Amino acid sequence: MTERPSMVLLHGWGSTAKVWQAVADDFRRTYDCYLPELPGHGDSRLAHSGSGELASQLINEINRPATWLAWSLGALIAIQAALQSPDRVERLILVAGTPSFVQTPQWREAMPVSTFNQFLDAYRTNPRQAQKRFIALQAQGDRNGRHVRQQLVAAATPAASDIGWGLDMLHSQSLGTDLANISCPIHCLYGANDALVPASIADAMQALAEVTLWPETGHAPFLSDRERFVQWVAGVMHG
């Protein structure tokens, strides 16, 4: 009996594994799917240290080669996993993924540091309100924005949870110069209207990955058009 291929689905900041529920039902027809939850999100038992240590925990927990499908904050951790354990990460599929969420001298296709700092201050002042704002930003600019927002609300982690570490990681982590060291195939999907990751990142990633840009789409393409997303992943996996 042939062993089924494995797929790891990593969610983003402020969300839980529930965000993958609809697409995971499709992927389970072909793959053994693992839907871990990041520290403070959902029922996770993982410890939040650096992204490298978190990646190591996930690699040890999954304990088999797999395709890593990762969204937003999850993409940073998946990149670390591919750098640390190339034998365990067969393919990276990054959705709204960036090696640096905020601008650095080496990576300009990102959010200005001042803009991110404003959100970080808002979260420290009023986490619940900041999470609501973050959900709105993820749905912003999407032609199916109302639908996206409803799904994000349904999958959101409780506002009282300890998830501030994720913002600190998004603020400090910069892996732009490390991407060239990844040996597995990298596929990226971006929304042209993403309010958090600028669409100009598509050009910056072209030399490192196979890049797809969807028009009229925001930060969560897999929620915006589930069927199209599942077909896109199938094309990536078998193309």
# chains A, B, ... in the order shown; residues from 1 in each chain; ligands from 1
>>> closest_atom_pairs(of="range 24-49 of chain A", to="range 67-81 of chain A", cutoff="12 Å", atoms="only C-alpha atoms", output="CSV")
residue,atom,partner,partner_atom,distance
A:Ala24,CA,A:Leu69,CA,10.7
A:Phe27,CA,A:Leu69,CA,11.1
A:Tyr31,CA,A:Thr67,CA,9.6
A:Asp32,CA,A:Thr67,CA,10.3
A:Cys33,CA,A:Thr67,CA,9.6
A:Tyr34,CA,A:Trp68,CA,9.4
A:Leu35,CA,A:Leu69,CA,9.9
A:Pro36,CA,A:Gly74,CA,10.2
A:Glu37,CA,A:Gly74,CA,9.6
A:Leu38,CA,A:Gly74,CA,8.3
A:Pro39,CA,A:Gly74,CA,11.5
A:His41,CA,A:Gly74,CA,11.9
A:His48,CA,A:Ile77,CA,11.4
A:Ser49,CA,A:Ile77,CA,11.6
>>> select_by_dssp(residues="range 88-230 of chain A", states="strand (DSSP E or B)", output="list in words")
Val89, Glu90, Arg91, Leu92, Ile93, Leu94, Val95, Ser100, Val102, Thr104, Trp107, Met111, Ser174, Ile186, His187, Cys188, Leu189, Tyr190, Gly191, Glu210, Val211, Thr212, Leu213 and Trp214 of chain A
>>> closest_atom_pairs(of="range 88-162 of chain A", to="range 173-182 of chain A", cutoff="7 Å", atoms="only C-alpha atoms", output="tab-separated table")
residue	atom	partner	partner_atom	distance
A:Pro99	CA	A:Leu175	CA	4.7
A:Ser100	CA	A:Ser174	CA	4.5
A:Trp107	CA	A:Gly176	CA	6.3
>>> select_by_dssp(residues="range 2-181 of chain A", states="helix (DSSP H, G or I)", output="PyMOL selection string")
chain A and resi 17-27+51-62+73-84+113-125+127-139+145-155+164-172+176-181
>>> residues_around(residues="Thr212 in chain A", least_positions_apart="4", cutoff="9 Å", atoms="only C-alpha atoms", output="PyMOL selection string")
chain A and resi 187-191+202
>>> write_last_selection(atoms="N, CA and C atoms", output="PDB file, in the first residue's frame")
ATOM      1  N   HIS A 187       6.401  28.141  -4.027  1.00  0.00           N
ATOM      2  CA  HIS A 187       5.297  28.697  -4.799  1.00  0.00           C
ATOM      3  C   HIS A 187       4.601  29.738  -3.929  1.00  0.00           C
ATOM      4  N   CYS A 188       4.322  30.890  -4.500  1.00  0.00           N
ATOM      5  CA  CYS A 188       3.732  31.981  -3.723  1.00  0.00           C
ATOM      6  C   CYS A 188       2.443  32.466  -4.380  1.00  0.00           C
ATOM      7  N   LEU A 189       1.447  32.756  -3.552  1.00  0.00           N
ATOM      8  CA  LEU A 189       0.191  33.340  -4.022  1.00  0.00           C
ATOM      9  C   LEU A 189      -0.052  34.632  -3.252  1.00  0.00           C
ATOM     10  N   TYR A 190      -0.309  35.708  -3.994  1.00  0.00           N
ATOM     11  CA  TYR A 190      -0.572  37.011  -3.389  1.00  0.00           C
ATOM     12  C   TYR A 190      -1.865  37.606  -3.940  1.00  0.00           C
ATOM     13  N   GLY A 191      -2.493  38.441  -3.115  1.00  0.00           N
ATOM     14  CA  GLY A 191      -3.637  39.220  -3.559  1.00  0.00           C
ATOM     15  C   GLY A 191      -3.178  40.598  -3.996  1.00  0.00           C
ATOM     16  N   ALA A 202       5.454  40.567  -5.391  1.00  0.00           N
ATOM     17  CA  ALA A 202       5.438  39.551  -6.446  1.00  0.00           C
ATOM     18  C   ALA A 202       6.669  39.675  -7.335  1.00  0.00           C
TER      19      ALA A 202
END
>>> closest_residue(among="A:Gly40, A:Ala47, A:Leu167, A:Glu53", to="Ala17 in chain A", atoms="only C-alpha atoms")
A:Gly40
>>> residues_around(residues="Asn60 in chain A", least_positions_apart="5", cutoff="12 Å", atoms="only C-alpha atoms", output="list in words")
Leu46, Glu53, Leu54, Ala55, Pro65, Ala81, Gln84, Ser85 and Arg88 of chain A
>>> write_last_selection(atoms="N, CA and C atoms", output="CSV table (one decimal), in the first residue's frame")
chain,number,residue,atom,x,y,z
A,46,LEU,N,2.3,24.3,21.9
A,46,LEU,CA,3.7,24.7,21.5
A,46,LEU,C,4.1,25.9,22.3
A,53,GLU,N,13.1,28.1,16.7
A,53,GLU,CA,12.8,27.1,17.7
A,53,GLU,C,11.3,26.5,17.5
A,54,LEU,N,10.4,27.4,17.1
A,54,LEU,CA,9.1,27.0,16.8
A,54,LEU,C,9.0,26.1,15.6
A,55,ALA,N,9.8,26.4,14.6
A,55,ALA,CA,9.9,25.5,13.4
A,55,ALA,C,10.4,24.2,13.8
A,65,PRO,N,8.4,13.9,6.1
A,65,PRO,CA,8.5,14.8,5.0
A,65,PRO,C,7.1,15.3,4.5
A,81,ALA,N,11.5,26.4,8.7
A,81,ALA,CA,11.5,25.0,8.7
A,81,ALA,C,12.3,24.4,7.5
A,84,GLN,N,16.0,24.9,8.0
A,84,GLN,CA,16.6,24.0,9.1
A,84,GLN,C,16.6,22.6,8.6
A,85,SER,N,15.5,22.1,8.0
A,85,SER,CA,15.3,20.7,7.7
A,85,SER,C,14.9,20.5,6.3
A,88,ARG,N,12.8,17.5,5.5
A,88,ARG,CA,11.4,17.3,5.9
A,88,ARG,C,10.4,18.3,5.2
>>> atom_distance(atom1="CA of Pro221 in chain A", atom2="CA of Arg29 in chain A")
21.0 Å
>>> residues_around(residues="Ala130 in chain A", least_positions_apart="2", cutoff="12 Å", atoms="only C-alpha atoms", output="list of chain:residue names")
A:Trp13, A:Gly14, A:Phe116, A:Gln118, A:Phe119, A:Leu120, A:Asp121, A:Ala122, A:Tyr123, A:Arg124, A:Thr125, A:Asn126, A:Pro127, A:Arg128, A:Lys132, A:Arg133, A:Phe134, A:Ile135, A:Ala136, A:Leu137, A:Ala159, A:Ala160, A:Ile163, A:Gly164, A:Leu167
>>> residues_around(residues="Ala234 in chain A", least_positions_apart="4", cutoff="12 Å", atoms="only C-alpha atoms", output="list in words")
Val23, Asp26, Phe27, Arg29, Thr30, Tyr31, Ile93, His187, Glu227, Arg228, Phe229, Val230, His238 and Gly239 of chain A
>>> atom_distance(atom1="CA of Glu109 in chain A", atom2="CA of Ile201 in chain A")
5.2 Å
>>> residues_around(residues="Ala154 in chain A", least_positions_apart="3", cutoff="8 Å", atoms="only C-alpha atoms", output="mmCIF file with all heavy atoms, in the first residue's frame")
data_model
loop_
_atom_site.group_PDB
_atom_site.id
_atom_site.type_symbol
_atom_site.label_atom_id
_atom_site.label_comp_id
_atom_site.auth_asym_id
_atom_site.auth_seq_id
_atom_site.Cartn_x
_atom_site.Cartn_y
_atom_site.Cartn_z
ATOM 1 N N LYS A 18 -8.895 26.450 12.364
ATOM 2 C CA LYS A 18 -10.236 26.458 11.773
ATOM 3 C C LYS A 18 -10.273 27.222 10.456
ATOM 4 O O LYS A 18 -11.143 26.978 9.619
ATOM 5 C CB LYS A 18 -11.235 27.085 12.743
ATOM 6 C CG LYS A 18 -11.508 26.268 13.986
ATOM 7 C CD LYS A 18 -12.490 27.006 14.895
ATOM 8 C CE LYS A 18 -12.734 26.247 16.189
ATOM 9 N NZ LYS A 18 -13.650 27.000 17.094
ATOM 10 N N VAL A 19 -9.345 28.143 10.275
ATOM 11 C CA VAL A 19 -9.354 28.954 9.065
ATOM 12 C C VAL A 19 -9.135 28.091 7.820
ATOM 13 O O VAL A 19 -9.516 28.460 6.712
ATOM 14 C CB VAL A 19 -8.295 30.083 9.173
ATOM 15 C CG1 VAL A 19 -6.889 29.571 8.876
ATOM 16 C CG2 VAL A 19 -8.649 31.264 8.284
ATOM 17 N N GLN A 150 -16.267 37.196 7.463
ATOM 18 C CA GLN A 150 -17.080 36.268 8.255
ATOM 19 C C GLN A 150 -16.282 35.026 8.634
ATOM 20 O O GLN A 150 -16.353 34.545 9.775
ATOM 21 C CB GLN A 150 -18.328 35.876 7.471
ATOM 22 C CG GLN A 150 -19.356 36.994 7.337
ATOM 23 C CD GLN A 150 -20.487 36.633 6.393
ATOM 24 O OE1 GLN A 150 -20.382 35.712 5.570
ATOM 25 N NE2 GLN A 150 -21.598 37.345 6.504
ATOM 26 N N GLN A 151 -15.520 34.502 7.692
ATOM 27 C CA GLN A 151 -14.738 33.304 7.968
ATOM 28 C C GLN A 151 -13.595 33.588 8.942
ATOM 29 O O GLN A 151 -13.261 32.754 9.793
ATOM 30 C CB GLN A 151 -14.184 32.740 6.655
ATOM 31 C CG GLN A 151 -15.268 32.200 5.738
ATOM 32 C CD GLN A 151 -14.680 31.677 4.452
ATOM 33 O OE1 GLN A 151 -14.320 30.516 4.338
ATOM 34 N NE2 GLN A 151 -14.563 32.551 3.462
#
>>> closest_residue(among="A:Ser183, A:Gln138, A:Thr104, A:Asn144", to="Ala82 in chain A", atoms="only C-alpha atoms")
A:Ser183
>>> closest_residue(among="A:Ser172, A:Ala209, A:Gly42, A:Pro112", to="His11 in chain A", atoms="only C-alpha atoms")
A:Gly42
>>> closest_residue(among="A:Asp162, A:Arg64, A:Arg91, A:Arg108", to="Ser44 in chain A", atoms="only C-alpha atoms")
A:Asp162
